[in-house]
Amino acid sequence: MTHFSVAGVQMPVSVSGNNIPAMLQRANKIVHVHPWTDMILFSELAPHGPSIAFATEDPDSVEAPFREFAAKHNVWVCPGSYFLKRGEDIFNHTVVINPDGEIVGEYDKMFPFRPYEQGVKAGEHFLIFDVPSVGRFGLTICYDIWFPETTRTLVSQGVEVLLHPVLTGTTDRDAELAIARATAVMFQCYVVDVNGLDSGGIGHSVVADPTGHIVHDAGQADAVFPLELDLDLVKRCRKRGANGLGQTLKSYRDKPIDFDVYKPGPTTTFLRGLGPLQMPIRDL
């Protein structure tokens, strides 16, 4: 069987300040208490918090400590995300670091949470990487998962595990949990959905398997939760269907139609009629 262990870190995130020492403290706890851990995943905007006022022009200031940690402990690390300035633009940016301390992939959030995540530019490129002898992984950030086209693109290229750092502290966390579970079973993949606490979210990080089963819910406590993922289960579900039932990826592959919703036309006219994407106002 092909197993790979991912440890999620659900921790308090300060709205202003440097959370990296606290992140490394928990990462050290993981490698010492659970030395079999293969990968560590933090929540969205964990390093510097959710304010674009703390956007940095120096990615090395965030990434270097985690690269050093990864190489020292021979473990994969995704340090959540942080606001990165490139010229006049700000991106919600993350990286994946391999056990040699090398960056194997970078990603800018494709769907900033507008109209709330103002001033953040959308990314245009996907992040897919291979863990040798294990499988193919992909990463999206928070609101991206509300758009199934993102996961469809990753899975169509063979992604078996979706890493999903989030920052959700709002009343739609319940909906997001439903989406995480549905994404796992629709696309027959693992979804590792890591939320923060305090200014980093309201917790309830979850891991869902390719049958749609919630393997773990971290509740609302400060916690690390290393779990072994069974990549053979992904392969079996994709070949035979989840519990021998729906073979969704094959059905999509063999579909007899193209979807006109992605082409200009009447649907686009309807969507334009919804009005601008802007902050709701109070009805008086």
# chains A, B, ... in the order shown; residues from 1 in each chain; ligands from 1
$ residues_around --residues "A:Glu149" --least-positions-apart "6" --cutoff "12 Å" --atoms "only C-alpha atoms" --output "short mmCIF file (atom, residue, chain, number, x, y, z; two decimals) with all heavy atoms, in the first residue's frame"
data_model
loop_
_atom_site.label_atom_id
_atom_site.label_comp_id
_atom_site.auth_asym_id
_atom_site.auth_seq_id
_atom_site.Cartn_x
_atom_site.Cartn_y
_atom_site.Cartn_z
N MET A 110 -6.11 32.08 -7.10
CA MET A 110 -6.81 32.45 -8.33
C MET A 110 -8.07 33.26 -8.08
O MET A 110 -8.45 34.11 -8.88
CB MET A 110 -7.17 31.20 -9.13
CG MET A 110 -6.00 30.59 -9.84
SD MET A 110 -6.54 29.35 -11.02
CE MET A 110 -4.98 29.02 -11.82
N PHE A 111 -8.74 32.97 -6.97
CA PHE A 111 -9.99 33.64 -6.67
C PHE A 111 -9.89 34.34 -5.30
O PHE A 111 -10.35 33.79 -4.29
CB PHE A 111 -11.16 32.66 -6.68
CG PHE A 111 -11.55 32.19 -8.05
CD1 PHE A 111 -11.00 31.04 -8.58
CD2 PHE A 111 -12.43 32.92 -8.82
CE1 PHE A 111 -11.35 30.60 -9.86
CE2 PHE A 111 -12.78 32.50 -10.10
CZ PHE A 111 -12.24 31.34 -10.62
N PHE A 126 -1.60 27.19 -12.23
CA PHE A 126 -1.90 26.13 -11.28
C PHE A 126 -0.61 25.58 -10.66
O PHE A 126 0.49 25.74 -11.22
CB PHE A 126 -2.66 25.01 -11.96
CG PHE A 126 -4.08 25.38 -12.32
CD1 PHE A 126 -4.38 25.93 -13.57
CD2 PHE A 126 -5.11 25.22 -11.41
CE1 PHE A 126 -5.67 26.29 -13.89
CE2 PHE A 126 -6.41 25.58 -11.72
CZ PHE A 126 -6.69 26.11 -12.97
N THR A 140 -4.65 24.54 -3.91
CA THR A 140 -5.43 25.75 -4.12
C THR A 140 -5.61 26.42 -2.77
O THR A 140 -5.36 25.81 -1.71
CB THR A 140 -6.80 25.47 -4.75
OG1 THR A 140 -7.55 24.58 -3.91
CG2 THR A 140 -6.66 24.84 -6.13
N VAL A 155 -7.24 17.75 -11.22
CA VAL A 155 -7.50 16.31 -11.26
C VAL A 155 -7.37 15.77 -12.68
O VAL A 155 -6.92 14.64 -12.88
CB VAL A 155 -8.91 16.03 -10.68
CG1 VAL A 155 -9.36 14.62 -11.00
CG2 VAL A 155 -8.88 16.25 -9.16
N SER A 156 -7.71 16.58 -13.67
CA SER A 156 -7.57 16.14 -15.05
C SER A 156 -6.11 15.92 -15.43
O SER A 156 -5.82 15.28 -16.45
CB SER A 156 -8.21 17.16 -16.00
OG SER A 156 -9.61 17.21 -15.79
N THR A 183 -16.10 18.00 -2.88
CA THR A 183 -14.97 18.01 -3.80
C THR A 183 -14.24 16.68 -3.76
O THR A 183 -13.86 16.13 -4.80
CB THR A 183 -14.02 19.16 -3.44
OG1 THR A 183 -14.71 20.41 -3.63
CG2 THR A 183 -12.77 19.15 -4.31
N PHE A 187 -14.34 14.42 -7.19
CA PHE A 187 -13.09 14.30 -7.94
C PHE A 187 -12.24 13.13 -7.47
O PHE A 187 -11.11 12.97 -7.93
CB PHE A 187 -12.32 15.62 -7.86
CG PHE A 187 -13.05 16.76 -8.51
CD1 PHE A 187 -13.66 17.73 -7.74
CD2 PHE A 187 -13.15 16.85 -9.89
CE1 PHE A 187 -14.36 18.78 -8.35
CE2 PHE A 187 -13.83 17.89 -10.49
CZ PHE A 187 -14.44 18.86 -9.72
N VAL A 261 -21.58 26.68 -21.31
CA VAL A 261 -21.50 27.70 -20.26
C VAL A 261 -20.12 28.38 -20.26
O VAL A 261 -19.97 29.51 -19.79
CB VAL A 261 -21.79 27.07 -18.88
CG1 VAL A 261 -20.69 26.11 -18.46
CG2 VAL A 261 -21.98 28.15 -17.82
N TYR A 262 -19.12 27.70 -20.81
CA TYR A 262 -17.78 28.28 -20.84
C TYR A 262 -17.53 29.13 -22.09
O TYR A 262 -16.43 29.62 -22.29
CB TYR A 262 -16.73 27.17 -20.73
CG TYR A 262 -16.79 26.46 -19.41
CD1 TYR A 262 -17.23 25.15 -19.31
CD2 TYR A 262 -16.42 27.11 -18.23
CE1 TYR A 262 -17.31 24.50 -18.09
CE2 TYR A 262 -16.50 26.47 -17.00
CZ TYR A 262 -16.93 25.17 -16.94
OH TYR A 262 -17.02 24.53 -15.73
#
$ residues_around --residues "A:Ser51" --least-positions-apart "4" --cutoff "9 Å" --atoms "only C-alpha atoms" --output "list in words"
Val15, Ser16, Leu45, Ala55 and Phe83 of chain A
$ write_last_selection --atoms "C-alpha atoms" --output "mmCIF file, in the first residue's frame"
data_model
loop_
_atom_site.group_PDB
_atom_site.id
_atom_site.type_symbol
_atom_site.label_atom_id
_atom_site.label_comp_id
_atom_site.auth_asym_id
_atom_site.auth_seq_id
_atom_site.Cartn_x
_atom_site.Cartn_y
_atom_site.Cartn_z
ATOM 1 C CA VAL A 15 -3.746 39.850 12.749
ATOM 2 C CA SER A 16 -0.529 41.844 12.908
ATOM 3 C CA LEU A 45 -1.973 33.724 5.645
ATOM 4 C CA ALA A 55 2.598 42.379 2.498
ATOM 5 C CA PHE A 83 0.743 38.581 0.876
#
$ residues_around --residues "stretch 205-213 of chain A" --least-positions-apart "4" --cutoff "8 Å" --atoms "only C-alpha atoms" --output "list in words"
Gln10, Leu177, Ala180, Arg181, Ala182, Thr183, Ala184, Val185, Phe187, Gln188, Cys189, Tyr190, Val191, Val192, Asp193, Val194, Asn195, Gly196, Asp217, Ala218, Gly219, Leu233, Val234, Cys237, Ala242 and Asn243 of chain A
$ write_last_selection --atoms "N, CA and C atoms" --output "PDB file, in the first residue's frame"
ATOM      1  N   GLN A  10      -3.446  23.589  12.856  1.00  0.00           N
ATOM      2  CA  GLN A  10      -4.525  24.545  13.125  1.00  0.00           C
ATOM      3  C   GLN A  10      -4.125  25.347  14.356  1.00  0.00           C
ATOM      4  N   LEU A 177     -17.161  23.448   4.495  1.00  0.00           N
ATOM      5  CA  LEU A 177     -16.926  22.050   4.869  1.00  0.00           C
ATOM      6  C   LEU A 177     -17.694  21.104   3.950  1.00  0.00           C
ATOM      7  N   ALA A 180     -15.773  20.999   0.727  1.00  0.00           N
ATOM      8  CA  ALA A 180     -14.571  20.178   0.829  1.00  0.00           C
ATOM      9  C   ALA A 180     -14.908  18.698   0.701  1.00  0.00           C
ATOM     10  N   ARG A 181     -15.951  18.284   1.391  1.00  0.00           N
ATOM     11  CA  ARG A 181     -16.358  16.883   1.330  1.00  0.00           C
ATOM     12  C   ARG A 181     -16.857  16.510  -0.062  1.00  0.00           C
ATOM     13  N   ALA A 182     -17.681  17.384  -0.652  1.00  0.00           N
ATOM     14  CA  ALA A 182     -18.200  17.118  -1.988  1.00  0.00           C
ATOM     15  C   ALA A 182     -17.075  17.091  -3.022  1.00  0.00           C
ATOM     16  N   THR A 183     -16.104  17.999  -2.876  1.00  0.00           N
ATOM     17  CA  THR A 183     -14.971  18.014  -3.802  1.00  0.00           C
ATOM     18  C   THR A 183     -14.235  16.684  -3.765  1.00  0.00           C
ATOM     19  N   ALA A 184     -14.011  16.156  -2.555  1.00  0.00           N
ATOM     20  CA  ALA A 184     -13.288  14.897  -2.419  1.00  0.00           C
ATOM     21  C   ALA A 184     -13.979  13.766  -3.163  1.00  0.00           C
ATOM     22  N   VAL A 185     -15.282  13.636  -3.012  1.00  0.00           N
ATOM     23  CA  VAL A 185     -15.977  12.507  -3.638  1.00  0.00           C
ATOM     24  C   VAL A 185     -16.237  12.765  -5.120  1.00  0.00           C
ATOM     25  N   PHE A 187     -14.338  14.416  -7.192  1.00  0.00           N
ATOM     26  CA  PHE A 187     -13.089  14.301  -7.942  1.00  0.00           C
ATOM     27  C   PHE A 187     -12.236  13.126  -7.474  1.00  0.00           C
ATOM     28  N   GLN A 188     -12.764  12.338  -6.557  1.00  0.00           N
ATOM     29  CA  GLN A 188     -12.124  11.102  -6.098  1.00  0.00           C
ATOM     30  C   GLN A 188     -10.662  11.364  -5.706  1.00  0.00           C
ATOM     31  N   CYS A 189     -10.511  12.291  -4.756  1.00  0.00           N
ATOM     32  CA  CYS A 189      -9.189  12.664  -4.274  1.00  0.00           C
ATOM     33  C   CYS A 189      -9.276  12.943  -2.771  1.00  0.00           C
ATOM     34  N   TYR A 190      -8.133  13.008  -2.127  1.00  0.00           N
ATOM     35  CA  TYR A 190      -8.090  13.517  -0.751  1.00  0.00           C
ATOM     36  C   TYR A 190      -8.136  15.040  -0.788  1.00  0.00           C
ATOM     37  N   VAL A 191      -8.828  15.633   0.177  1.00  0.00           N
ATOM     38  CA  VAL A 191      -8.816  17.079   0.379  1.00  0.00           C
ATOM     39  C   VAL A 191      -8.326  17.336   1.809  1.00  0.00           C
ATOM     40  N   VAL A 192      -7.196  18.009   1.911  1.00  0.00           N
ATOM     41  CA  VAL A 192      -6.624  18.360   3.224  1.00  0.00           C
ATOM     42  C   VAL A 192      -6.846  19.851   3.410  1.00  0.00           C
ATOM     43  N   ASP A 193      -7.847  20.192   4.204  1.00  0.00           N
ATOM     44  CA  ASP A 193      -8.384  21.544   4.321  1.00  0.00           C
ATOM     45  C   ASP A 193      -8.008  22.088   5.702  1.00  0.00           C
ATOM     46  N   VAL A 194      -7.025  22.992   5.748  1.00  0.00           N
ATOM     47  CA  VAL A 194      -6.472  23.461   7.026  1.00  0.00           C
ATOM     48  C   VAL A 194      -6.834  24.921   7.257  1.00  0.00           C
ATOM     49  N   ASN A 195      -7.618  25.152   8.297  1.00  0.00           N
ATOM     50  CA  ASN A 195      -8.043  26.495   8.702  1.00  0.00           C
ATOM     51  C   ASN A 195      -7.230  26.928   9.923  1.00  0.00           C
ATOM     52  N   GLY A 196      -7.236  28.231  10.215  1.00  0.00           N
ATOM     53  CA  GLY A 196      -6.553  28.739  11.397  1.00  0.00           C
ATOM     54  C   GLY A 196      -7.525  29.096  12.509  1.00  0.00           C
ATOM     55  N   ASP A 217     -11.856  15.804  11.814  1.00  0.00           N
ATOM     56  CA  ASP A 217     -12.273  17.185  12.017  1.00  0.00           C
ATOM     57  C   ASP A 217     -11.555  17.684  13.258  1.00  0.00           C
ATOM     58  N   ALA A 218     -10.757  18.741  13.107  1.00  0.00           N
ATOM     59  CA  ALA A 218      -9.908  19.213  14.210  1.00  0.00           C
ATOM     60  C   ALA A 218     -10.665  20.043  15.237  1.00  0.00           C
ATOM     61  N   GLY A 219     -11.968  20.248  15.038  1.00  0.00           N
ATOM     62  CA  GLY A 219     -12.715  21.053  15.994  1.00  0.00           C
ATOM     63  C   GLY A 219     -12.220  22.490  16.007  1.00  0.00           C
ATOM     64  N   LEU A 233      -6.172   3.973  -2.166  1.00  0.00           N
ATOM     65  CA  LEU A 233      -7.617   4.174  -2.124  1.00  0.00           C
ATOM     66  C   LEU A 233      -8.054   5.122  -3.237  1.00  0.00           C
ATOM     67  N   VAL A 234      -7.253   6.149  -3.504  1.00  0.00           N
ATOM     68  CA  VAL A 234      -7.563   7.065  -4.599  1.00  0.00           C
ATOM     69  C   VAL A 234      -7.593   6.305  -5.918  1.00  0.00           C
ATOM     70  N   CYS A 237     -10.669   3.988  -6.124  1.00  0.00           N
ATOM     71  CA  CYS A 237     -11.916   4.718  -6.368  1.00  0.00           C
ATOM     72  C   CYS A 237     -12.005   5.184  -7.813  1.00  0.00           C
ATOM     73  N   ALA A 242     -16.126   4.964  -6.033  1.00  0.00           N
ATOM     74  CA  ALA A 242     -16.136   4.990  -4.575  1.00  0.00           C
ATOM     75  C   ALA A 242     -17.113   3.936  -4.070  1.00  0.00           C
ATOM     76  N   ASN A 243     -16.609   2.988  -3.293  1.00  0.00           N
ATOM     77  CA  ASN A 243     -17.414   1.851  -2.817  1.00  0.00           C
ATOM     78  C   ASN A 243     -18.058   1.090  -3.974  1.00  0.00           C
TER      79      ASN A 243
END
$ residues_around --residues "A:Gln118" --least-positions-apart "2" --cutoff "12 Å" --atoms "only C-alpha atoms" --output "number ranges by chain"
A: 50-53, 89-92, 111-116, 120-122, 277-279
$ residues_around --residues "stretch 20-32 of chain A" --least-positions-apart "4" --cutoff "10 Å" --atoms "only C-alpha atoms" --output "PyMOL selection string"
chain A and resi 7-13+36-42+46-48+62-63+65-66+69-70+73-75+77+79-80+223-226
